[in-house]
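Pasting target.txt here (compact mmCIF, C-alpha atoms):
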# COMPACT_ATOMS: atom_id res chain seq x y z
CA MET N 868 -125.37 -28.87 -67.22
CA PRO N 869 -124.00 -27.12 -70.35
CA LEU N 870 -122.55 -23.65 -70.40
CA PRO N 871 -125.22 -20.93 -70.06
CA ALA N 872 -126.09 -19.21 -73.32
CA ASP N 873 -124.74 -15.91 -72.01
CA PHE N 874 -121.49 -17.36 -70.64
CA GLU N 875 -119.32 -15.79 -73.32
CA LYS N 876 -121.01 -12.43 -72.74
CA ARG N 877 -120.05 -12.71 -69.07
CA LEU N 878 -116.48 -13.48 -70.02
CA TRP N 879 -116.41 -10.51 -72.32
CA ALA N 880 -117.76 -8.30 -69.53
CA ALA N 881 -114.97 -9.56 -67.29
CA ALA N 882 -112.42 -8.80 -70.00
CA ASN N 883 -113.80 -5.28 -70.34
CA GLN N 884 -113.30 -4.75 -66.61
CA LEU N 885 -109.67 -5.80 -66.92
CA TRP N 886 -109.18 -3.79 -70.08
CA ALA N 887 -110.37 -0.62 -68.46
CA ASN N 888 -108.88 -1.03 -65.00
CA SER N 889 -105.67 -3.08 -65.14
CA ALA N 890 -102.22 -2.91 -66.67
CA LEU N 891 -102.43 -6.47 -68.03
CA HIS N 892 -101.88 -7.21 -71.70
CA PRO N 893 -105.08 -8.62 -73.28
CA ALA N 894 -103.47 -12.06 -73.72
CA GLN N 895 -103.04 -12.20 -69.90
CA TYR N 896 -106.69 -11.65 -69.04
CA SER N 897 -107.45 -15.34 -68.81
CA THR N 898 -105.24 -15.83 -65.73
CA PRO N 899 -107.25 -13.87 -63.12
CA ILE N 900 -110.54 -14.92 -64.70
CA LEU N 901 -109.59 -18.59 -64.55
CA ALA N 902 -108.49 -18.08 -60.97
CA LEU N 903 -111.92 -16.79 -60.02
CA ILE N 904 -113.67 -19.62 -61.84
CA PHE N 905 -111.38 -22.08 -60.08
CA LEU N 906 -112.36 -20.58 -56.74
CA ARG N 907 -116.03 -20.76 -57.66
CA TYR N 908 -115.82 -24.42 -58.56
CA ALA N 909 -113.66 -25.29 -55.59
CA ASP N 910 -116.47 -23.91 -53.46
CA ALA N 911 -118.97 -26.18 -55.19
CA ARG N 912 -116.78 -29.26 -55.07
CA PHE N 913 -115.64 -29.02 -51.48
CA GLY N 914 -118.82 -27.63 -49.97
CA ARG N 915 -117.38 -24.28 -48.97
CA ASP N 916 -118.94 -20.83 -49.33
CA ARG N 917 -115.89 -18.62 -49.80
CA PHE N 918 -117.50 -16.68 -52.66
CA ARG N 919 -120.52 -15.62 -50.61
CA ARG N 920 -118.23 -14.24 -47.91
CA LEU N 921 -116.13 -12.42 -50.49
CA ARG N 922 -119.23 -10.83 -52.01
CA SER N 923 -120.40 -9.69 -48.59
CA LEU N 924 -117.15 -8.01 -47.55
CA PRO N 925 -117.82 -4.34 -46.67
CA ILE N 926 -116.49 -1.58 -48.89
CA GLY N 927 -113.01 -0.62 -47.78
CA ARG N 928 -111.85 -4.12 -46.84
CA ASP N 929 -108.83 -5.47 -48.74
CA LEU N 930 -110.63 -7.72 -51.22
CA GLY N 931 -107.38 -8.60 -52.99
CA LYS N 932 -105.89 -9.93 -49.76
CA ALA N 933 -109.08 -11.87 -49.01
CA LEU N 934 -109.03 -13.40 -52.49
CA ASP N 935 -105.40 -14.45 -52.11
CA GLY N 936 -106.25 -16.16 -48.82
CA ALA N 937 -109.30 -17.90 -50.27
CA MET N 938 -107.22 -19.06 -53.23
CA ARG N 939 -104.48 -20.50 -51.01
CA ALA N 940 -107.10 -22.43 -49.04
CA ALA N 941 -108.77 -23.74 -52.19
CA LEU N 942 -105.46 -24.85 -53.69
CA ALA N 943 -104.45 -26.63 -50.50
CA GLU N 944 -107.79 -28.39 -50.24
CA SER N 945 -107.81 -29.46 -53.89
CA HIS N 946 -104.15 -30.63 -53.79
CA ALA N 947 -103.55 -28.66 -56.97
CA GLY N 948 -100.05 -27.79 -55.78
CA ASP N 949 -98.05 -24.58 -55.57
CA GLY N 950 -97.59 -22.44 -58.62
CA VAL N 951 -100.98 -23.18 -60.16
CA PHE N 952 -101.65 -19.45 -60.16
CA PRO N 953 -99.31 -16.50 -60.04
CA LYS N 954 -100.22 -13.92 -57.40
CA THR N 955 -102.52 -11.66 -59.39
CA PHE N 956 -105.25 -10.20 -57.23
CA GLY N 957 -103.13 -7.56 -55.56
CA ARG N 958 -102.58 -5.98 -58.96
CA PHE N 959 -106.18 -4.78 -59.33
CA ASP N 960 -108.05 -1.94 -57.68
CA ALA N 961 -110.91 -2.72 -55.32
CA ARG N 962 -113.63 -1.64 -57.75
CA THR N 963 -112.41 -4.01 -60.47
CA LEU N 964 -112.10 -6.93 -58.06
CA ARG N 965 -115.55 -6.36 -56.62
CA ALA N 966 -117.10 -6.26 -60.11
CA LEU N 967 -115.34 -9.53 -61.04
CA VAL N 968 -116.38 -11.27 -57.81
CA GLU N 969 -120.00 -10.25 -58.41
CA LEU N 970 -119.82 -11.40 -62.02
CA PHE N 971 -118.41 -14.86 -61.34
CA GLY N 972 -120.31 -15.33 -58.11
CA SER N 973 -123.48 -15.40 -60.20
CA ILE N 974 -122.32 -18.28 -62.45
CA PRO N 975 -124.21 -21.54 -61.75
CA LEU N 976 -122.28 -24.16 -59.82
CA GLU N 977 -123.66 -27.05 -61.86
CA LEU N 978 -121.68 -26.44 -65.04
CA ASP N 979 -120.31 -29.53 -66.73
CA GLY N 980 -117.37 -30.34 -68.99
CA ASP N 981 -113.97 -28.83 -69.54
CA VAL N 982 -114.98 -25.34 -68.40
CA PHE N 983 -111.44 -24.10 -67.90
CA GLY N 984 -110.31 -25.25 -71.31
CA ARG N 985 -113.39 -23.63 -72.83
CA VAL N 986 -112.53 -20.31 -71.18
CA TYR N 987 -108.93 -20.67 -72.31
CA GLU N 988 -110.15 -21.32 -75.86
CA TYR N 989 -112.32 -18.23 -75.73
CA PHE N 990 -109.52 -15.94 -74.59
CA LEU N 991 -107.04 -17.50 -76.98
CA GLY N 992 -109.39 -16.81 -79.85
CA ARG N 993 -110.06 -13.24 -78.72
CA PHE N 994 -106.65 -12.06 -77.61
CA ALA N 995 -103.76 -14.39 -78.41
CA PRO N 996 -101.16 -13.31 -80.98
CA LYS N 997 -101.80 -14.46 -84.52
CA ALA N 998 -98.47 -16.32 -84.39
CA LEU N 999 -100.04 -18.89 -82.09
CA GLN N 1000 -102.65 -19.72 -84.71
CA LYS N 1001 -99.98 -20.28 -87.35
CA GLY N 1002 -98.10 -22.50 -84.93
CA GLY N 1003 -101.10 -24.77 -84.50
CA GLU N 1004 -101.42 -24.06 -80.77
CA PHE N 1005 -105.13 -24.11 -80.16
CA TYR N 1006 -107.48 -25.63 -77.65
CA THR N 1007 -109.27 -28.83 -78.69
CA PRO N 1008 -113.06 -28.33 -78.96
CA GLY N 1009 -115.01 -30.41 -76.48
CA SER N 1010 -116.96 -32.39 -79.06
CA ILE N 1011 -113.76 -33.53 -80.78
CA VAL N 1012 -112.25 -34.53 -77.45
CA ARG N 1013 -115.38 -36.53 -76.65
CA LEU N 1014 -115.29 -38.28 -80.01
CA ILE N 1015 -111.65 -39.27 -79.54
CA VAL N 1016 -112.33 -40.57 -76.04
CA GLU N 1017 -115.48 -42.47 -77.09
CA ILE N 1018 -113.54 -44.30 -79.80
CA LEU N 1019 -110.37 -44.78 -77.73
CA GLU N 1020 -112.27 -46.11 -74.67
CA PRO N 1021 -109.54 -45.48 -72.07
CA TYR N 1022 -111.32 -47.28 -69.25
CA HIS N 1023 -108.22 -48.38 -67.36
CA GLY N 1024 -104.44 -48.23 -67.16
CA LYS N 1025 -101.95 -45.50 -68.00
CA VAL N 1026 -103.09 -42.60 -70.18
CA LEU N 1027 -100.60 -40.19 -71.77
CA ASP N 1028 -101.12 -36.83 -73.43
CA PRO N 1029 -97.70 -35.50 -74.51
CA ALA N 1030 -99.23 -32.17 -75.59
CA CYS N 1031 -101.75 -31.96 -72.76
CA GLY N 1032 -102.70 -28.29 -72.94
CA SER N 1033 -105.51 -27.57 -70.48
CA GLY N 1034 -106.06 -31.26 -69.70
CA GLY N 1035 -109.32 -31.71 -71.59
CA MET N 1036 -108.44 -35.22 -72.77
CA PHE N 1037 -107.95 -36.31 -69.17
CA VAL N 1038 -111.22 -34.76 -68.02
CA GLN N 1039 -113.23 -36.43 -70.78
CA SER N 1040 -111.55 -39.79 -70.16
CA ALA N 1041 -112.54 -39.55 -66.51
CA LYS N 1042 -116.12 -38.63 -67.42
CA LEU N 1043 -116.40 -41.66 -69.70
CA ILE N 1044 -115.19 -43.94 -66.94
CA ARG N 1045 -117.63 -42.42 -64.46
CA ALA N 1046 -120.43 -42.92 -66.96
CA HIS N 1047 -119.62 -46.63 -66.71
CA GLU N 1048 -119.96 -46.40 -62.91
CA LYS N 1049 -116.28 -46.58 -62.09
CA ARG N 1050 -114.10 -44.21 -60.10
CA ALA N 1051 -111.74 -42.52 -62.54
CA SER N 1052 -109.06 -41.94 -59.92
CA GLY N 1053 -108.86 -45.68 -59.29
CA ALA N 1054 -109.16 -46.81 -62.90
CA ILE N 1055 -106.63 -44.66 -64.75
CA SER N 1056 -103.25 -43.04 -64.13
CA LEU N 1057 -102.74 -39.77 -65.96
CA TYR N 1058 -99.46 -38.58 -67.46
CA GLY N 1059 -98.98 -35.33 -69.32
CA ILE N 1060 -96.31 -33.23 -71.01
CA GLU N 1061 -96.75 -29.51 -71.68
CA LYS N 1062 -94.06 -27.01 -72.66
CA VAL N 1063 -95.89 -23.79 -71.67
CA ALA N 1064 -95.76 -23.21 -67.92
CA GLU N 1065 -98.96 -21.17 -67.78
CA THR N 1066 -100.90 -23.80 -69.71
CA LEU N 1067 -99.52 -26.51 -67.44
CA ARG N 1068 -100.87 -24.59 -64.44
CA LEU N 1069 -104.22 -24.54 -66.20
CA ALA N 1070 -104.14 -28.32 -66.67
CA ARG N 1071 -103.28 -28.94 -63.02
CA MET N 1072 -106.10 -26.67 -61.95
CA ASN N 1073 -108.50 -28.42 -64.31
CA LEU N 1074 -107.62 -31.86 -62.93
CA ALA N 1075 -107.86 -30.66 -59.34
CA VAL N 1076 -111.35 -29.26 -59.69
CA HIS N 1077 -112.54 -32.44 -61.39
CA GLY N 1078 -111.18 -34.54 -58.54
CA LEU N 1079 -108.28 -35.94 -60.56
CA SER N 1080 -104.52 -36.03 -60.15
CA GLY N 1081 -101.75 -36.84 -62.55
CA LYS N 1082 -98.06 -36.72 -63.27
CA LEU N 1083 -97.80 -33.62 -65.44
CA VAL N 1084 -94.36 -32.32 -66.36
CA GLU N 1085 -93.15 -29.14 -68.01
CA ALA N 1086 -91.08 -30.24 -71.00
CA ASN N 1087 -90.78 -30.06 -74.76
CA ALA N 1088 -91.92 -33.46 -76.01
CA TYR N 1089 -89.68 -33.25 -79.08
CA TYR N 1090 -86.39 -32.90 -77.25
CA ASP N 1091 -86.88 -34.02 -73.66
CA ALA N 1092 -86.40 -37.77 -73.84
CA GLY N 1093 -86.43 -37.91 -70.05
CA ALA N 1094 -90.08 -36.89 -69.73
CA HIS N 1095 -91.86 -40.01 -68.38
CA ARG N 1096 -88.91 -42.07 -69.60
CA ALA N 1097 -89.57 -44.97 -67.23
CA GLU N 1098 -93.12 -45.33 -68.58
CA TRP N 1099 -92.35 -44.87 -72.28
CA GLY N 1100 -93.49 -47.90 -74.26
CA ARG N 1101 -95.78 -48.95 -71.40
CA PHE N 1102 -98.78 -46.69 -71.87
CA ASP N 1103 -102.17 -48.25 -72.47
CA PHE N 1104 -103.55 -45.15 -74.18
CA VAL N 1105 -102.35 -41.94 -75.79
CA ALA N 1106 -104.82 -39.11 -76.52
CA ALA N 1107 -103.59 -35.81 -77.93
CA ASN N 1108 -104.06 -32.75 -80.09
CA PRO N 1109 -100.47 -31.83 -80.96
CA PRO N 1110 -99.40 -28.47 -82.42
CA PHE N 1111 -99.11 -29.89 -85.91
CA ASN N 1112 -97.46 -28.45 -89.04
CA GLN N 1113 -94.54 -27.03 -87.04
CA SER N 1114 -91.59 -26.68 -89.40
CA ALA N 1115 -88.84 -25.23 -87.18
CA VAL N 1116 -88.06 -28.34 -85.11
CA ASP N 1117 -84.34 -29.14 -84.86
CA ARG N 1118 -84.11 -32.70 -86.16
CA LYS N 1119 -80.41 -33.23 -85.45
CA PRO N 1120 -80.77 -34.10 -81.73
CA LEU N 1121 -83.50 -36.62 -82.57
CA GLU N 1122 -81.76 -38.69 -85.23
CA ASN N 1123 -80.28 -41.26 -82.82
CA ASP N 1124 -83.40 -41.59 -80.67
CA ALA N 1125 -84.78 -44.84 -82.12
CA ARG N 1126 -86.65 -45.52 -78.88
CA ARG N 1127 -89.03 -42.62 -79.48
CA PHE N 1128 -88.75 -42.30 -83.28
CA PRO N 1129 -88.55 -45.94 -84.44
CA PHE N 1130 -89.33 -45.22 -88.10
CA GLY N 1131 -86.76 -42.49 -88.53
CA VAL N 1132 -86.65 -38.68 -88.49
CA PRO N 1133 -88.01 -36.84 -91.56
CA SER N 1134 -85.24 -35.07 -93.46
CA LYS N 1135 -87.45 -32.06 -94.16
CA GLY N 1136 -91.03 -30.89 -93.91
CA ASN N 1137 -92.86 -30.38 -90.64
CA ALA N 1138 -93.00 -32.27 -87.34
CA ASN N 1139 -96.25 -34.16 -87.90
CA TYR N 1140 -94.52 -37.52 -88.25
CA LEU N 1141 -92.44 -36.83 -85.18
CA TRP N 1142 -95.66 -36.51 -83.17
CA ILE N 1143 -97.18 -39.62 -84.75
CA GLN N 1144 -94.09 -41.63 -83.84
CA LEU N 1145 -94.12 -40.29 -80.29
CA PHE N 1146 -97.68 -41.53 -79.92
CA TYR N 1147 -96.81 -44.90 -81.43
CA SER N 1148 -93.65 -45.49 -79.45
CA ALA N 1149 -95.25 -44.54 -76.13
CA LEU N 1150 -97.74 -47.43 -76.36
CA ASN N 1151 -97.35 -50.90 -74.99
CA ALA N 1152 -97.89 -53.98 -77.20
CA LYS N 1153 -101.69 -53.69 -76.97
CA GLY N 1154 -101.92 -49.91 -76.59
CA ARG N 1155 -104.21 -47.55 -78.46
CA ALA N 1156 -103.73 -43.92 -79.51
CA GLY N 1157 -106.22 -41.31 -80.74
CA PHE N 1158 -105.14 -37.87 -81.90
CA VAL N 1159 -105.90 -34.87 -84.09
CA MET N 1160 -103.74 -34.53 -87.18
CA ALA N 1161 -103.45 -32.21 -90.18
CA ASN N 1162 -104.97 -33.45 -93.42
CA SER N 1163 -101.59 -33.05 -95.13
CA ALA N 1164 -100.09 -35.87 -93.06
CA SER N 1165 -102.14 -38.44 -94.97
CA ASP N 1166 -100.46 -37.70 -98.29
CA ALA N 1167 -97.07 -36.22 -97.31
CA GLN N 1168 -94.25 -37.20 -99.65
CA GLY N 1169 -90.48 -37.75 -99.47
CA SER N 1170 -89.05 -39.06 -96.20
CA GLU N 1171 -92.47 -38.68 -94.56
CA LEU N 1172 -93.92 -41.07 -97.12
CA ALA N 1173 -91.31 -43.65 -96.18
CA ILE N 1174 -92.20 -43.25 -92.49
CA ARG N 1175 -95.91 -43.54 -93.23
CA LYS N 1176 -95.25 -46.75 -95.17
CA LYS N 1177 -93.42 -48.26 -92.19
CA LEU N 1178 -96.23 -47.19 -89.87
CA ILE N 1179 -98.83 -48.86 -92.10
CA GLU N 1180 -96.72 -52.00 -92.40
CA SER N 1181 -96.61 -52.19 -88.59
CA GLY N 1182 -100.35 -52.91 -88.72
CA ALA N 1183 -101.13 -50.30 -86.07
CA VAL N 1184 -103.20 -47.83 -88.12
CA ASP N 1185 -106.75 -48.64 -87.06
CA VAL N 1186 -109.15 -45.80 -87.96
CA VAL N 1187 -108.86 -42.47 -89.83
CA ILE N 1188 -111.75 -39.99 -89.66
CA ALA N 1189 -112.01 -36.88 -91.85
CA LEU N 1190 -113.71 -33.87 -90.25
CA GLY N 1191 -114.82 -30.69 -91.97
CA PRO N 1192 -113.63 -27.12 -91.31
CA SER N 1193 -114.58 -24.57 -88.62
CA PHE N 1194 -114.46 -26.84 -85.56
CA PHE N 1195 -111.71 -24.79 -83.93
CA TYR N 1196 -112.10 -21.23 -82.68
CA THR N 1197 -108.75 -19.91 -83.88
CA VAL N 1198 -108.34 -21.76 -87.18
CA THR N 1199 -110.79 -22.89 -89.85
CA LEU N 1200 -108.83 -25.76 -91.39
CA PRO N 1201 -110.34 -29.25 -91.67
CA VAL N 1202 -108.52 -32.00 -89.76
CA MET N 1203 -108.36 -35.77 -89.43
CA LEU N 1204 -108.54 -37.98 -86.39
CA TRP N 1205 -106.10 -40.88 -86.39
CA PHE N 1206 -106.40 -43.98 -84.21
CA LEU N 1207 -103.62 -46.49 -83.69
CA ASP N 1208 -103.99 -49.95 -82.18
CA LYS N 1209 -100.78 -51.92 -81.66
CA GLY N 1210 -102.71 -55.05 -80.76
CA LYS N 1211 -104.69 -55.08 -84.02
CA ALA N 1212 -101.98 -56.92 -85.94
CA LYS N 1213 -102.77 -60.07 -83.94
CA THR N 1214 -106.53 -59.94 -84.54
CA ARG N 1215 -108.81 -60.73 -87.46
CA ARG N 1216 -108.61 -57.02 -88.36
CA LYS N 1217 -104.98 -57.43 -89.34
CA GLY N 1218 -104.35 -55.47 -92.52
CA GLU N 1219 -107.60 -53.48 -92.22
CA THR N 1220 -107.97 -49.73 -91.68
CA LEU N 1221 -111.37 -48.07 -91.38
CA PHE N 1222 -111.71 -44.73 -93.18
CA ILE N 1223 -114.71 -42.57 -92.25
CA ASP N 1224 -115.68 -39.46 -94.17
CA ALA N 1225 -117.44 -37.48 -91.43
CA ARG N 1226 -117.22 -34.13 -93.21
CA PRO N 1227 -121.00 -33.98 -93.78
CA ILE N 1228 -121.59 -34.56 -90.06
CA PHE N 1229 -121.65 -31.40 -87.91
CA ARG N 1230 -123.89 -29.02 -85.98
CA GLN N 1231 -123.69 -25.32 -86.88
CA VAL N 1232 -123.12 -23.47 -83.59
CA ASP N 1233 -123.03 -19.99 -85.09
CA ARG N 1234 -122.11 -18.38 -88.38
CA THR N 1235 -118.44 -19.40 -88.19
CA HIS N 1236 -118.23 -22.34 -85.78
CA ARG N 1237 -119.32 -25.97 -85.81
CA ASP N 1238 -119.33 -28.85 -83.36
CA LEU N 1239 -120.69 -32.39 -83.10
CA ALA N 1240 -123.98 -33.05 -81.35
CA PRO N 1241 -124.01 -35.92 -78.81
CA GLU N 1242 -125.99 -38.14 -81.18
CA GLN N 1243 -123.51 -37.45 -83.97
CA ILE N 1244 -120.60 -38.40 -81.72
CA GLU N 1245 -122.42 -41.60 -80.82
CA LEU N 1246 -123.11 -42.36 -84.50
CA VAL N 1247 -119.45 -42.13 -85.51
CA ALA N 1248 -118.23 -43.97 -82.41
CA ASN N 1249 -120.74 -46.77 -82.95
CA VAL N 1250 -119.59 -47.28 -86.54
CA VAL N 1251 -116.06 -47.78 -85.22
CA ARG N 1252 -117.22 -50.15 -82.47
CA LEU N 1253 -119.18 -52.26 -84.95
CA HIS N 1254 -116.21 -52.31 -87.31
CA ARG N 1255 -114.06 -53.69 -84.53
CA ARG N 1256 -116.63 -56.41 -83.96
CA GLY N 1257 -117.12 -57.12 -87.67
CA LYS N 1258 -120.84 -56.32 -87.46
CA TYR N 1259 -121.41 -53.74 -90.17
CA GLU N 1260 -124.85 -55.16 -90.88
CA ASP N 1261 -125.98 -53.85 -87.48
CA VAL N 1262 -125.58 -50.25 -88.67
CA PRO N 1263 -128.90 -49.09 -90.25
CA GLY N 1264 -128.32 -48.16 -93.88
CA PHE N 1265 -124.67 -49.24 -93.87
CA CYS N 1266 -122.95 -50.65 -96.89
CA ARG N 1267 -119.30 -50.62 -97.85
CA GLY N 1268 -118.57 -47.27 -99.45
CA ALA N 1269 -121.60 -45.55 -97.89
CA SER N 1270 -121.10 -42.12 -96.42
CA LEU N 1271 -122.04 -41.30 -92.85
CA MET N 1272 -124.65 -38.86 -94.16
CA GLU N 1273 -126.35 -41.76 -95.95
CA ILE N 1274 -126.18 -43.87 -92.78
CA GLU N 1275 -127.62 -41.05 -90.67
CA ARG N 1276 -130.53 -40.70 -93.06
Show me this structure written as structure tokens.
Amino acid sequence: MPLPADFEKRLWAAANQLWANSALHPAQYSTPILALIFLRYADARFGRDRFRRLRSLPIGRDLGKALDGAMRAALAESHAGDGVFPKTFGRFDARTLRALVELFGSIPLELDGDVFGRVYEYFLGRFAPKALQKGGEFYTPGSIVRLIVEILEPYHGKVLDPACGSGGMFVQSAKLIRAHEKRASGAISLYGIEKVAETLRLARMNLAVHGLSGKLVEANAYYDAGAHRAEWGRFDFVAANPPFNQSAVDRKPLENDARRFPFGVPSKGNANYLWIQLFYSALNAKGRAGFVMANSASDAQGSELAIRKKLIESGAVDVVIALGPSFFYTVTLPVMLWFLDKGKAKTRRKGETLFIDARPIFRQVDRTHRDLAPEQIELVANVVRLHRRGKYEDVPGFCRGASLMEIER
């Protein structure tokens, strides 16, 4: 079941409650709201009815204390671990808490998808400092995550996201596996790296409510070579949306780390080719990676050009997809999706890279935002699948050099 049409209006109503009745900074509103949504979904998943009891508490009872107790029980039952949420409910007056409980108690229990990441995206877009947008720290839209996962096909093995954010890549990977009638918890092992403690709590919560578990660590993927060190170079899949175009990374500590940066460290510019090398070096000999990347990475010059040349000569660059602007809530820039395949060099596709111009393909959500409809995701993914099989003739309207818009027509 998709998000209700009025879901954002409900979130905004919740934010207004906090704005009027709490001492929280606007950027902190997502924490208690996500906590209540977590509790709501824990009820649905584990067959409990905590929310009904909370809504029926008589006026005058300590609702904050009751919420803290219900949250502790939900966290224990979901194995989400300590520290997923800070203790927040005692900071609100009873009237505010009761209004929030009523609001979120009315949300349907059948919602699907990366709900927590969607809420995080909404609050990031509404309240987060503008500096975050310039730093490239933004939540990955669900349709882009689904496209990456459909093309990557992480059905089994070890899956890494070294910039895991709210865990949306993991959730979509699990959904794809379940769609193929397999248990995700038995098919894949999830590994994540996230430098922001609050976002890492969000990811752990997201996995817990979706019945998943993983080895998620708080670390800075640039500098912390010890994060998942024993598994580095052994991952079957990497899926990520890194904070690209970051220019303030200290390159000096990385220059002798050939294990993680095998093609060298750029002498200047931004960190895009540090991320690309992290994805490449994390994979095993047959591993695949799919990730979001800035358009500028495809024609960067200087030392980045030399690194890109080595990457291409490795034979691992499999597919590059150009997307149009306005897919993200906090930035409007167009992006590309890159896919690496280390095993490709030993197949008949050696020396081939598929470029797809998907800029004409989108669905206009509102005046300023776009996404990809399910059939559009399937169209692009099927072109990639047929390319891998060498069966272009099976795509209606396909010819070399044709655009996806022509194929769709």
Excluding N:Gly957 and its own-chain neighbours fewer than 4 positions away, which residues fall within 9 Å of it when counting only C-alpha atoms? Please give them as a CSV table (one decimal) with C-alpha atoms, in the frame of the given file.
chain,number,residue,atom,x,y,z
N,930,LEU,CA,-110.6,-7.7,-51.2
N,931,GLY,CA,-107.4,-8.6,-53.0
N,932,LYS,CA,-105.9,-9.9,-49.8
N,934,LEU,CA,-109.0,-13.4,-52.5
N,935,ASP,CA,-105.4,-14.4,-52.1
### Query
Between N:Lys1082, N:Arg1237, N:Arg877, N:Lys1213, which one has atoms that come closest to N:Val1198, using all atoms listed in the file?
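Checking each candidate against N:Val1198, we get N:Arg1237 as the closest.
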### Query
Any idea what the distance is between atom CA of N:Leu1121 and atom CA of N:Ala1094?
14.4 Å
Give me the stretch 910-934 of chain N side of the contact with stretch 883-906 of chain N, cut-off 12 Å, one line per residue showing its nearest atom pair and distance in Å at one decimal, counting all atoms listed in the file, sorted by chain and residue number, as JSON lines.
{"residue": "N:Asp910", "atom": "CA", "partner": "N:Leu906", "partner_atom": "CA", "distance": 6.2}
{"residue": "N:Ala911", "atom": "CA", "partner": "N:Leu906", "partner_atom": "CA", "distance": 8.8}
{"residue": "N:Arg912", "atom": "CA", "partner": "N:Leu906", "partner_atom": "CA", "distance": 9.9}
{"residue": "N:Phe913", "atom": "CA", "partner": "N:Leu906", "partner_atom": "CA", "distance": 10.5}
{"residue": "N:Gly914", "atom": "CA", "partner": "N:Leu906", "partner_atom": "CA", "distance": 11.7}
{"residue": "N:Arg915", "atom": "CA", "partner": "N:Leu906", "partner_atom": "CA", "distance": 10.0}
{"residue": "N:Asp916", "atom": "CA", "partner": "N:Leu906", "partner_atom": "CA", "distance": 9.9}
{"residue": "N:Arg917", "atom": "CA", "partner": "N:Leu906", "partner_atom": "CA", "distance": 8.0}
{"residue": "N:Phe918", "atom": "CA", "partner": "N:Leu906", "partner_atom": "CA", "distance": 7.6}
{"residue": "N:Arg919", "atom": "CA", "partner": "N:Leu906", "partner_atom": "CA", "distance": 11.3}
{"residue": "N:Leu921", "atom": "CA", "partner": "N:Leu906", "partner_atom": "CA", "distance": 10.9}
{"residue": "N:Gly931", "atom": "CA", "partner": "N:Pro899", "partner_atom": "CA", "distance": 11.4}
{"residue": "N:Leu934", "atom": "CA", "partner": "N:Leu903", "partner_atom": "CA", "distance": 8.7}
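Counting all atoms listed in the file and comparing N:Met1160, N:Ala1075, N:Val1026, N:Ile1223, the residue that lies closest to N:Ser1056 is N:Val1026.
Taking atom CA of N:Phe1229 and atom CA of N:Ile1015 as the two end points, the separation is 15.2 Å.
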### Message
Quick one: residues within 10 Å of N:Ile1244, all atoms listed in the file, excluding same-chain residues fewer than 3 positions away - as a list in words?
### Response
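Once the nearby chain positions are removed, what remains is Ser1010, Ile1011, Arg1013, Leu1014, Ile1015, Glu1017, Ile1018, Ile1228, Phe1229, Asp1238, Leu1239, Ala1240, Pro1241, Val1247, Ala1248 and Asn1249 of chain N.
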### Task
Kindly give the distance, in Å, that separates atom CA of N:Val1116 and atom CA of N:Asp1091, rounded to a single decimal.
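A separation of 12.8 Å between them.
Across N:Tyr1140, N:Tyr1147, N:Tyr1058, N:Phe1158, the tightest approach to N:Asn1108 is made by N:Phe1158 when counting only C-alpha atoms.
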### Task
Point out the residue among N:Cys1031, N:His1236, N:Gln1168, N:Ala1107 with the least atom-to-atom distance to N:Val1012, counting only C-alpha atoms.
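Looking only at the distances to N:Val1012, the closest residue turns out to be N:Ala1107.
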## Note on the structure
Nearest to N:Asp1028, restricted to all atoms listed in the file and choosing among N:Gly1131, N:Gly1191, N:Gly1157, N:Gly1210, comes out as N:Gly1157
Completed stretch 927-933 of chain N (N, CA, C and O atoms) as a JSON list (two decimals), in the coordinates of the input:
[["chain", "number", "residue", "atom", "x", "y", "z"],
["N", 927, "GLY", "N", -114.16, -1.08, -48.54],
["N", 927, "GLY", "CA", -113.01, -0.62, -47.78],
["N", 927, "GLY", "C", -112.12, -1.76, -47.30],
["N", 927, "GLY", "O", -110.95, -1.54, -46.99],
["N", 928, "ARG", "N", -112.66, -2.97, -47.21],
["N", 928, "ARG", "CA", -111.85, -4.12, -46.84],
["N", 928, "ARG", "C", -110.95, -4.50, -48.00],
["N", 928, "ARG", "O", -111.28, -4.28, -49.17],
["N", 929, "ASP", "N", -109.80, -5.10, -47.71],
["N", 929, "ASP", "CA", -108.83, -5.47, -48.74],
["N", 929, "ASP", "C", -109.30, -6.74, -49.44],
["N", 929, "ASP", "O", -108.99, -7.86, -49.01],
["N", 930, "LEU", "N", -110.07, -6.58, -50.52],
["N", 930, "LEU", "CA", -110.63, -7.72, -51.22],
["N", 930, "LEU", "C", -109.54, -8.55, -51.89],
["N", 930, "LEU", "O", -109.63, -9.78, -51.96],
["N", 931, "GLY", "N", -108.48, -7.87, -52.37],
["N", 931, "GLY", "CA", -107.38, -8.60, -52.99],
["N", 931, "GLY", "C", -106.72, -9.55, -52.01],
["N", 931, "GLY", "O", -106.43, -10.71, -52.35],
["N", 932, "LYS", "N", -106.49, -9.09, -50.79],
["N", 932, "LYS", "CA", -105.89, -9.93, -49.76],
["N", 932, "LYS", "C", -106.81, -11.09, -49.42],
["N", 932, "LYS", "O", -106.37, -12.24, -49.22],
["N", 933, "ALA", "N", -108.11, -10.82, -49.33],
["N", 933, "ALA", "CA", -109.08, -11.87, -49.01],
["N", 933, "ALA", "C", -109.13, -12.92, -50.12],
["N", 933, "ALA", "O", -109.22, -14.12, -49.87]]
